[in-house]
>>> print(open('target_39.txt').read())   # compact mmCIF, C-alpha atoms
# COMPACT_ATOMS: atom_id res chain seq x y z
CA MET A 1 10.07 29.23 4.29
CA ARG A 2 6.96 28.89 6.43
CA ARG A 3 6.69 25.50 8.00
CA LYS A 4 3.29 24.68 6.48
CA TYR A 5 4.80 24.85 3.01
CA THR A 6 7.77 22.56 3.61
CA GLY A 7 5.94 19.24 3.38
CA LEU A 8 7.87 18.09 6.46
CA ARG A 9 4.72 16.86 8.19
CA ALA A 10 3.65 14.74 5.20
CA TRP A 11 7.18 13.32 4.99
CA LEU A 12 7.07 12.36 8.67
CA VAL A 13 3.53 10.92 8.51
CA GLN A 14 4.61 8.72 5.60
CA ARG A 15 7.56 7.30 7.51
CA VAL A 16 6.00 6.84 10.95
CA SER A 17 2.91 5.16 9.42
CA ALA A 18 5.12 2.94 7.23
CA VAL A 19 7.18 1.70 10.19
CA TYR A 20 4.08 0.99 12.31
CA MET A 21 2.35 -0.85 9.46
CA PHE A 22 5.51 -2.88 8.80
CA PHE A 23 5.69 -4.16 12.38
CA PHE A 24 1.92 -4.78 12.52
CA MET A 25 2.05 -6.85 9.32
CA VAL A 26 5.08 -8.82 10.52
CA PHE A 27 3.24 -9.55 13.79
CA PHE A 28 0.09 -10.54 11.86
CA LEU A 29 1.99 -12.89 9.53
CA VAL A 30 4.00 -14.45 12.36
CA HIS A 31 0.80 -15.05 14.33
CA PHE A 32 -0.74 -16.74 11.28
CA ALA A 33 2.38 -18.84 10.74
CA VAL A 34 2.76 -19.93 14.37
CA ASP A 35 -0.79 -20.12 15.72
CA PRO A 36 -3.35 -19.58 12.92
CA PRO A 37 -6.91 -19.00 14.20
CA GLN A 38 -8.61 -22.22 13.07
CA GLN A 39 -12.29 -21.30 12.94
CA TYR A 40 -14.58 -18.32 13.41
CA PRO A 41 -14.58 -18.22 17.25
CA ALA A 42 -10.78 -18.11 17.46
CA TRP A 43 -10.53 -15.46 14.70
CA HIS A 44 -13.28 -13.32 16.22
CA ALA A 45 -11.83 -13.59 19.73
CA TRP A 46 -8.36 -12.64 18.47
CA ILE A 47 -9.39 -9.59 16.42
CA THR A 48 -11.87 -8.25 18.98
CA SER A 49 -9.56 -8.66 21.99
CA SER A 50 -8.95 -5.16 23.30
CA ALA A 51 -5.21 -5.07 22.47
CA MET A 52 -5.75 -6.40 18.95
CA SER A 53 -8.71 -4.16 18.11
CA ILE A 54 -6.72 -1.09 19.21
CA ALA A 55 -3.68 -2.25 17.21
CA THR A 56 -5.90 -2.94 14.17
CA ALA A 57 -7.62 0.44 14.44
CA ALA A 58 -4.17 2.08 14.65
CA PHE A 59 -3.11 0.05 11.59
CA PHE A 60 -6.03 1.37 9.55
CA ALA A 61 -5.43 4.92 10.79
CA ALA A 62 -1.80 4.62 9.64
CA LEU A 63 -2.89 3.01 6.35
CA LEU A 64 -5.44 5.71 5.52
CA ALA A 65 -3.02 8.53 6.42
CA HIS A 66 -0.29 6.85 4.34
CA ALA A 67 -2.66 6.42 1.41
CA TRP A 68 -3.74 10.05 1.65
CA VAL A 69 -0.15 11.37 1.49
CA GLY A 70 0.75 8.98 -1.34
CA LEU A 71 -2.34 9.60 -3.47
CA ARG A 72 -2.06 13.34 -2.88
CA ASP A 73 1.54 13.26 -4.16
CA VAL A 74 0.48 11.28 -7.24
CA LEU A 75 -2.40 13.67 -8.04
CA ILE A 76 -0.23 16.77 -7.53
CA ASP A 77 2.44 15.30 -9.82
CA TYR A 78 0.20 14.20 -12.68
CA VAL A 79 -3.00 16.27 -12.59
CA HIS A 80 -2.15 19.86 -13.45
CA ALA A 81 -5.60 21.30 -14.20
CA ILE A 82 -6.41 22.85 -10.84
CA THR A 83 -10.17 22.25 -10.77
CA ILE A 84 -9.81 18.56 -11.70
CA ARG A 85 -6.99 18.19 -9.17
CA VAL A 86 -9.03 19.73 -6.35
CA ALA A 87 -12.06 17.63 -7.30
CA LEU A 88 -10.00 14.41 -7.29
CA LEU A 89 -8.31 15.33 -4.00
CA GLY A 90 -11.76 15.93 -2.52
CA LEU A 91 -12.98 12.59 -3.82
CA VAL A 92 -9.95 10.74 -2.40
CA GLY A 93 -10.29 12.55 0.93
CA PHE A 94 -13.98 11.71 1.12
CA GLY A 95 -13.39 8.08 0.18
CA LEU A 96 -10.59 7.57 2.72
CA THR A 97 -12.62 9.26 5.47
CA ALA A 98 -15.60 7.03 4.68
CA MET A 99 -13.34 3.96 4.87
CA GLY A 100 -12.10 5.16 8.27
CA VAL A 101 -15.66 5.47 9.58
CA TRP A 102 -16.47 2.04 8.12
CA VAL A 103 -13.52 0.26 9.72
CA VAL A 104 -14.18 1.87 13.13
CA ARG A 105 -17.79 0.65 12.91
CA VAL A 106 -16.58 -2.83 11.95
CA LEU A 107 -14.14 -3.04 14.85
CA TRP A 108 -16.57 -1.62 17.40
CA THR A 109 -19.87 -3.22 16.39
CA ARG A 110 -18.51 -6.75 15.97
CA HIS A 111 -17.42 -6.90 19.59
CA GLY A 112 -20.48 -8.83 20.78
CA MET F 1 12.33 32.11 -34.40
CA PRO F 2 15.73 31.58 -32.71
CA ASN F 3 17.68 28.61 -34.02
CA SER F 4 17.69 26.85 -30.62
CA GLN F 5 13.90 26.61 -30.69
CA LYS F 6 13.76 25.15 -34.21
CA GLN F 7 15.95 22.23 -33.23
CA ARG F 8 13.76 20.97 -30.43
CA PRO F 9 12.66 17.37 -30.90
CA VAL F 10 9.17 17.14 -32.31
CA PHE F 11 8.57 13.51 -31.40
CA PHE F 12 8.61 11.62 -28.15
CA ASN F 13 10.02 8.15 -28.62
CA LEU F 14 9.22 5.99 -25.61
CA ALA F 15 11.69 3.32 -26.75
CA GLU F 16 14.55 5.81 -26.55
CA ILE F 17 13.92 6.72 -22.91
CA GLN F 18 16.64 5.36 -20.66
CA LEU F 19 15.03 3.82 -17.60
CA PRO F 20 17.70 2.92 -15.04
CA VAL F 21 16.80 0.19 -12.54
CA GLY F 22 16.27 2.73 -9.74
CA ALA F 23 13.76 4.63 -11.88
CA LEU F 24 11.89 1.38 -12.54
CA THR F 25 11.76 0.72 -8.78
CA SER F 26 10.53 4.25 -8.21
CA ILE F 27 7.66 4.18 -10.71
CA THR F 28 6.58 0.68 -9.72
CA HIS F 29 6.65 1.79 -6.05
CA ARG F 30 4.09 4.39 -7.08
CA ILE F 31 1.96 2.07 -9.20
CA ALA F 32 1.99 -0.54 -6.41
CA GLY F 33 0.96 2.13 -3.90
CA VAL F 34 -2.04 3.16 -6.01
CA LEU F 35 -3.06 -0.51 -6.44
CA LEU F 36 -2.83 -1.07 -2.68
CA ALA F 37 -4.94 2.03 -2.02
CA LEU F 38 -7.58 0.66 -4.40
CA GLY F 39 -7.45 -2.61 -2.45
CA ILE F 40 -8.28 -0.99 0.93
CA PRO F 41 -12.11 -1.09 0.61
CA PHE F 42 -12.00 -4.78 -0.42
CA CYS F 43 -9.81 -5.51 2.56
CA ILE F 44 -12.23 -3.75 4.95
CA TYR F 45 -15.15 -5.57 3.29
CA LEU F 46 -13.50 -8.97 3.92
CA LEU F 47 -12.67 -8.01 7.51
CA ASP F 48 -16.29 -6.91 8.07
CA LEU F 49 -17.69 -10.10 6.53
CA SER F 50 -15.27 -12.34 8.44
CA LEU F 51 -16.49 -10.92 11.75
CA GLN F 52 -20.22 -11.38 10.98
CA GLY F 53 -20.60 -14.79 12.58
CA SER F 54 -19.61 -18.24 11.35
CA SER F 55 -21.52 -17.89 8.06
CA GLY F 56 -19.73 -14.64 7.16
CA TYR F 57 -16.40 -16.20 8.07
CA SER F 58 -17.13 -19.21 5.84
CA ARG F 59 -18.11 -16.89 2.98
CA VAL F 60 -14.73 -15.15 3.22
CA ILE F 61 -12.97 -18.54 3.07
CA ALA F 62 -15.13 -19.47 0.04
CA LEU F 63 -14.42 -16.12 -1.67
CA LEU F 64 -10.66 -16.62 -1.23
CA ASP F 65 -11.03 -19.92 -3.07
CA TYR F 66 -12.59 -18.21 -6.09
CA LEU F 67 -10.14 -17.86 -9.02
CA PRO F 68 -10.55 -14.11 -9.83
CA VAL F 69 -10.13 -13.35 -6.11
CA LYS F 70 -6.98 -15.47 -6.05
CA GLY F 71 -5.71 -13.45 -9.03
CA ALA F 72 -6.40 -10.20 -7.18
CA VAL F 73 -4.64 -11.55 -4.08
CA ILE F 74 -1.57 -12.44 -6.16
CA VAL F 75 -1.45 -9.00 -7.81
CA LEU F 76 -1.91 -7.24 -4.45
CA THR F 77 0.75 -9.49 -2.90
CA TRP F 78 3.18 -8.35 -5.59
CA ALA F 79 2.18 -4.74 -4.95
CA LEU F 80 2.61 -5.10 -1.18
CA ALA F 81 5.93 -6.97 -1.36
CA HIS F 82 7.38 -4.52 -3.88
CA HIS F 83 6.04 -1.48 -2.00
CA VAL F 84 7.45 -2.70 1.33
CA LEU F 85 10.87 -3.60 -0.12
CA ALA F 86 11.15 -0.32 -2.05
CA GLY F 87 9.92 1.50 1.07
CA ILE F 88 12.61 -0.10 3.26
CA ARG F 89 15.15 0.92 0.59
CA HIS F 90 13.79 4.46 0.82
CA LEU F 91 14.00 4.59 4.63
CA LEU F 92 17.55 3.20 4.59
CA SER F 93 18.64 5.85 2.12
CA ASP F 94 17.08 8.48 4.45
CA ILE F 95 19.71 7.46 7.01
CA ASP F 96 22.39 7.32 4.32
CA ILE F 97 22.55 3.57 3.90
CA GLY F 98 22.83 2.56 0.26
CA SER F 99 22.69 6.07 -1.19
CA GLN F 100 25.77 5.54 -3.33
CA LEU F 101 25.05 4.48 -6.89
CA PRO F 102 26.33 0.87 -6.87
CA ALA F 103 24.54 0.00 -3.60
CA SER F 104 21.45 1.87 -4.73
CA ARG F 105 21.32 -0.06 -8.01
CA ARG F 106 21.79 -3.35 -6.14
CA SER F 107 18.97 -2.60 -3.67
CA ALA F 108 16.73 -1.51 -6.57
CA TRP F 109 17.29 -4.91 -8.21
CA ILE F 110 16.54 -6.65 -4.90
CA ALA F 111 13.23 -4.74 -4.54
CA ASN F 112 12.18 -5.44 -8.16
CA ILE F 113 13.07 -9.13 -8.09
CA GLY F 114 11.98 -9.65 -4.47
CA GLY F 115 8.47 -8.34 -5.15
CA VAL F 116 8.03 -10.72 -8.09
CA ALA F 117 9.56 -13.62 -6.13
CA VAL F 118 7.16 -13.18 -3.19
CA SER F 119 4.13 -13.02 -5.49
CA LEU F 120 5.30 -16.13 -7.39
CA PHE F 121 5.68 -17.92 -4.06
CA VAL F 122 2.14 -16.93 -3.06
CA ALA F 123 0.84 -17.87 -6.52
CA GLY F 124 2.46 -21.28 -6.10
CA ALA F 125 0.77 -21.72 -2.74
CA LEU F 126 -2.67 -20.56 -3.95
CA LEU F 127 -2.95 -22.09 -7.42
>>> encode(input="target_39.txt", output="structure tokens")
Amino acid sequence: MRRKYTGLRAWLVQRVSAVYMFFFMVFFLVHFAVDPPQQYPAWHAWITSSAMSIATAAFFAALLAHAWVGLRDVLIDYVHAITIRVALLGLVGFGLTAMGVWVVRVLWTRHG
Amino acid sequence: MPNSQKQRPVFFNLAEIQLPVGALTSITHRIAGVLLALGIPFCIYLLDLSLQGSSGYSRVIALLDYLPVKGAVIVLTWALAHHVLAGIRHLLSDIDIGSQLPASRRSAWIANIGGVAVSLFVAGALL
């Protein structure tokens, strides 16, 4: 079988993104439990610090990729009419891409 | 018409479907995943607002105190807790931990009950 038809890449994306998101969320929750940012300045400084903004951008990249693979699987399983399936996949792809652009803008433009 | 075709069931009785605990974990993993995907734009919106100065930050705090938002947070907490627990179960079975039926049924129960338990805990803290 040709590699592009095996679904191996989607399988791997799902697992790598899941593991990264798991550790990011554990870190996030532990930080909130141990040293919660009290007011706006502390929250803003924490999120926009260079390490945290990179880690957060990577989290959203993992999240959007994970959502794409998952939603694609759901649509392929339940929507059999090919035109509706392609239209919905296009809509999901567009929506997730737009969210990616949005979150990058949020993380970059709120630096000041 | 061959006899075998005549005897096919002509009704589809949902109550007669056997849904083992692992199948329940599997379908709720999916439903939770779709709910979480629907929650992404709201999450980005709150992040955006929270970083727009002190007033935006205070609006996020105020929004999280609003009852329908609390309800959404509780539902999404269930979805996240269940999805993470069922996902860990999935990854462990990838490396052959808990693939046998008794262990698999036990971990399915843990994921189903654990998701509800976490959301009840959060509901208790929020309400």
>>> interface_residues(input="target_39.txt", of="chain F", to="chain A", cutoff="10 Å", atoms="all atoms listed in the file", output="list of chain:residue names")
F:Arg30, F:Ile31, F:Gly33, F:Val34, F:Leu36, F:Ala37, F:Leu38, F:Ile40, F:Pro41, F:Cys43, F:Ile44, F:Tyr45, F:Leu47, F:Asp48, F:Leu49, F:Ser50, F:Leu51, F:Gln52, F:Gly53, F:Ser54, F:Ser55, F:Gly56, F:Tyr57, F:Ser58, F:Val84, F:Gly87, F:Ile88, F:His90, F:Leu91
>>> atom_distance(input="target_39.txt", atom1="CA of Val16 (chain A)", atom2="CA of Gly22 (chain F)")
23.5 Å
>>> atom_distance(input="target_39.txt", atom1="CA of Leu67 (chain F)", atom2="CA of Val122 (chain F)")
13.7 Å
>>> atom_distance(input="target_39.txt", atom1="CA of Leu85 (chain F)", atom2="CA of Ala72 (chain F)")
19.8 Å
>>> residues_around(input="target_39.txt", residues="Leu64 (chain F)", least_positions_apart="4", cutoff="12 Å", atoms="all atoms listed in the file", output="ChimeraX atom specification")
/F:42-43,46,50,57-60,68-74,126-127
>>> closest_residue(input="target_39.txt", among="F:Leu76, F:His82, F:Leu14, F:Ser93", to="Asn112 (chain F)", atoms="only C-alpha atoms")
F:His82
>>> residues_around(input="target_39.txt", residues="region 24-29 of chain A", least_positions_apart="5", cutoff="10 Å", atoms="only C-alpha atoms", output="JSON, numbers by chain")
{"A": [18, 19, 34, 35, 36, 55, 56, 58, 59]}
>>> residues_around(input="target_39.txt", residues="Val13 (chain A)", least_positions_apart="4", cutoff="8 Å", atoms="all atoms listed in the file", output="VMD selection string")
chain A and resid 9 17 65 to 66 69
>>> write_last_selection(input="target_39.txt", atoms="C-alpha atoms", output="PDB file, keeping the file's coordinate frame")
ATOM      1  CA  ARG A   9       4.720  16.860   8.190  1.00  0.00           C
ATOM      2  CA  SER A  17       2.910   5.160   9.420  1.00  0.00           C
ATOM      3  CA  ALA A  65      -3.020   8.530   6.420  1.00  0.00           C
ATOM      4  CA  HIS A  66      -0.290   6.850   4.340  1.00  0.00           C
ATOM      5  CA  VAL A  69      -0.150  11.370   1.490  1.00  0.00           C
TER       6      VAL A  69
END
>>> residues_around(input="target_39.txt", residues="region 118-120 of chain F", least_positions_apart="3", cutoff="10 Å", atoms="all atoms listed in the file", output="ChimeraX atom specification")
/F:73-82,113-115,123-126
>>> residues_around(input="target_39.txt", residues="Ala23 (chain F)", least_positions_apart="4", cutoff="12 Å", atoms="only C-alpha atoms", output="PyMOL selection string")
chain F and resi 17-19+27-30+86+104-105+108-109+111-112
>>> decode(input="target_39.txt", residues="region 4-73 of chain F", atoms="C-alpha atoms", output="tab-separated table (two decimals), in the first residue's frame")
chain	number	residue	atom	x	y	z
F	4	SER	CA	-32.05	-15.57	3.62
F	5	GLN	CA	-33.05	-12.12	2.40
F	6	LYS	CA	-36.68	-12.44	3.54
F	7	GLN	CA	-35.63	-13.10	7.12
F	8	ARG	CA	-33.64	-9.92	7.57
F	9	PRO	CA	-34.87	-7.79	10.45
F	10	VAL	CA	-37.09	-4.97	9.28
F	11	PHE	CA	-36.88	-2.90	12.45
F	12	PHE	CA	-34.01	-1.37	14.34
F	13	ASN	CA	-34.63	-1.53	18.07
F	14	LEU	CA	-32.23	0.79	19.88
F	15	ALA	CA	-33.12	-0.79	23.24
F	16	GLU	CA	-31.89	-4.17	22.04
F	17	ILE	CA	-28.41	-2.93	21.11
F	18	GLN	CA	-25.80	-4.26	23.50
F	19	LEU	CA	-23.46	-1.43	24.44
F	20	PRO	CA	-20.49	-2.79	26.39
F	21	VAL	CA	-18.70	-0.33	28.68
F	22	GLY	CA	-15.77	0.01	26.25
F	23	ALA	CA	-18.15	0.99	23.45
F	24	LEU	CA	-19.70	3.63	25.71
F	25	THR	CA	-16.22	5.01	26.43
F	26	SER	CA	-15.46	5.02	22.72
F	27	ILE	CA	-18.56	6.92	21.59
F	28	THR	CA	-18.36	9.41	24.46
F	29	HIS	CA	-14.66	9.95	23.62
F	30	ARG	CA	-15.89	11.03	20.20
F	31	ILE	CA	-18.76	13.18	21.44
F	32	ALA	CA	-16.46	14.85	23.98
F	33	GLY	CA	-13.91	15.51	21.23
F	34	VAL	CA	-16.50	17.24	19.05
F	35	LEU	CA	-17.68	19.34	22.03
F	36	LEU	CA	-14.10	20.36	22.80
F	37	ALA	CA	-13.53	21.33	19.15
F	38	LEU	CA	-16.64	23.52	19.32
F	39	GLY	CA	-15.20	25.11	22.47
F	40	ILE	CA	-11.92	26.20	20.80
F	41	PRO	CA	-13.15	29.57	19.43
F	42	PHE	CA	-14.65	30.50	22.83
F	43	CYS	CA	-11.37	29.62	24.47
F	44	ILE	CA	-9.40	31.81	22.02
F	45	TYR	CA	-11.95	34.61	22.52
F	46	LEU	CA	-11.44	34.52	26.31
F	47	LEU	CA	-7.65	34.43	25.89
F	48	ASP	CA	-7.82	37.43	23.53
F	49	LEU	CA	-10.09	39.39	25.88
F	50	SER	CA	-8.00	38.54	28.94
F	51	LEU	CA	-4.90	40.04	27.31
F	52	GLN	CA	-6.60	43.32	26.29
F	53	GLY	CA	-5.65	45.32	29.36
F	54	SER	CA	-7.08	45.31	32.87
F	55	SER	CA	-10.65	45.99	31.68
F	56	GLY	CA	-10.62	43.00	29.32
F	57	TYR	CA	-9.17	40.82	32.07
F	58	SER	CA	-11.92	41.93	34.48
F	59	ARG	CA	-14.57	41.19	31.84
F	60	VAL	CA	-13.29	37.62	31.53
F	61	ILE	CA	-13.49	37.21	35.32
F	62	ALA	CA	-17.04	38.64	35.23
F	63	LEU	CA	-18.04	36.35	32.34
F	64	LEU	CA	-16.80	33.29	34.24
F	65	ASP	CA	-19.12	34.28	37.08
F	66	TYR	CA	-22.15	34.23	34.77
F	67	LEU	CA	-24.33	31.11	35.26
F	68	PRO	CA	-24.67	29.93	31.60
F	69	VAL	CA	-20.89	30.31	31.22
F	70	LYS	CA	-20.38	28.26	34.38
F	71	GLY	CA	-22.65	25.59	32.87
F	72	ALA	CA	-20.57	25.56	29.68
F	73	VAL	CA	-17.37	25.33	31.73
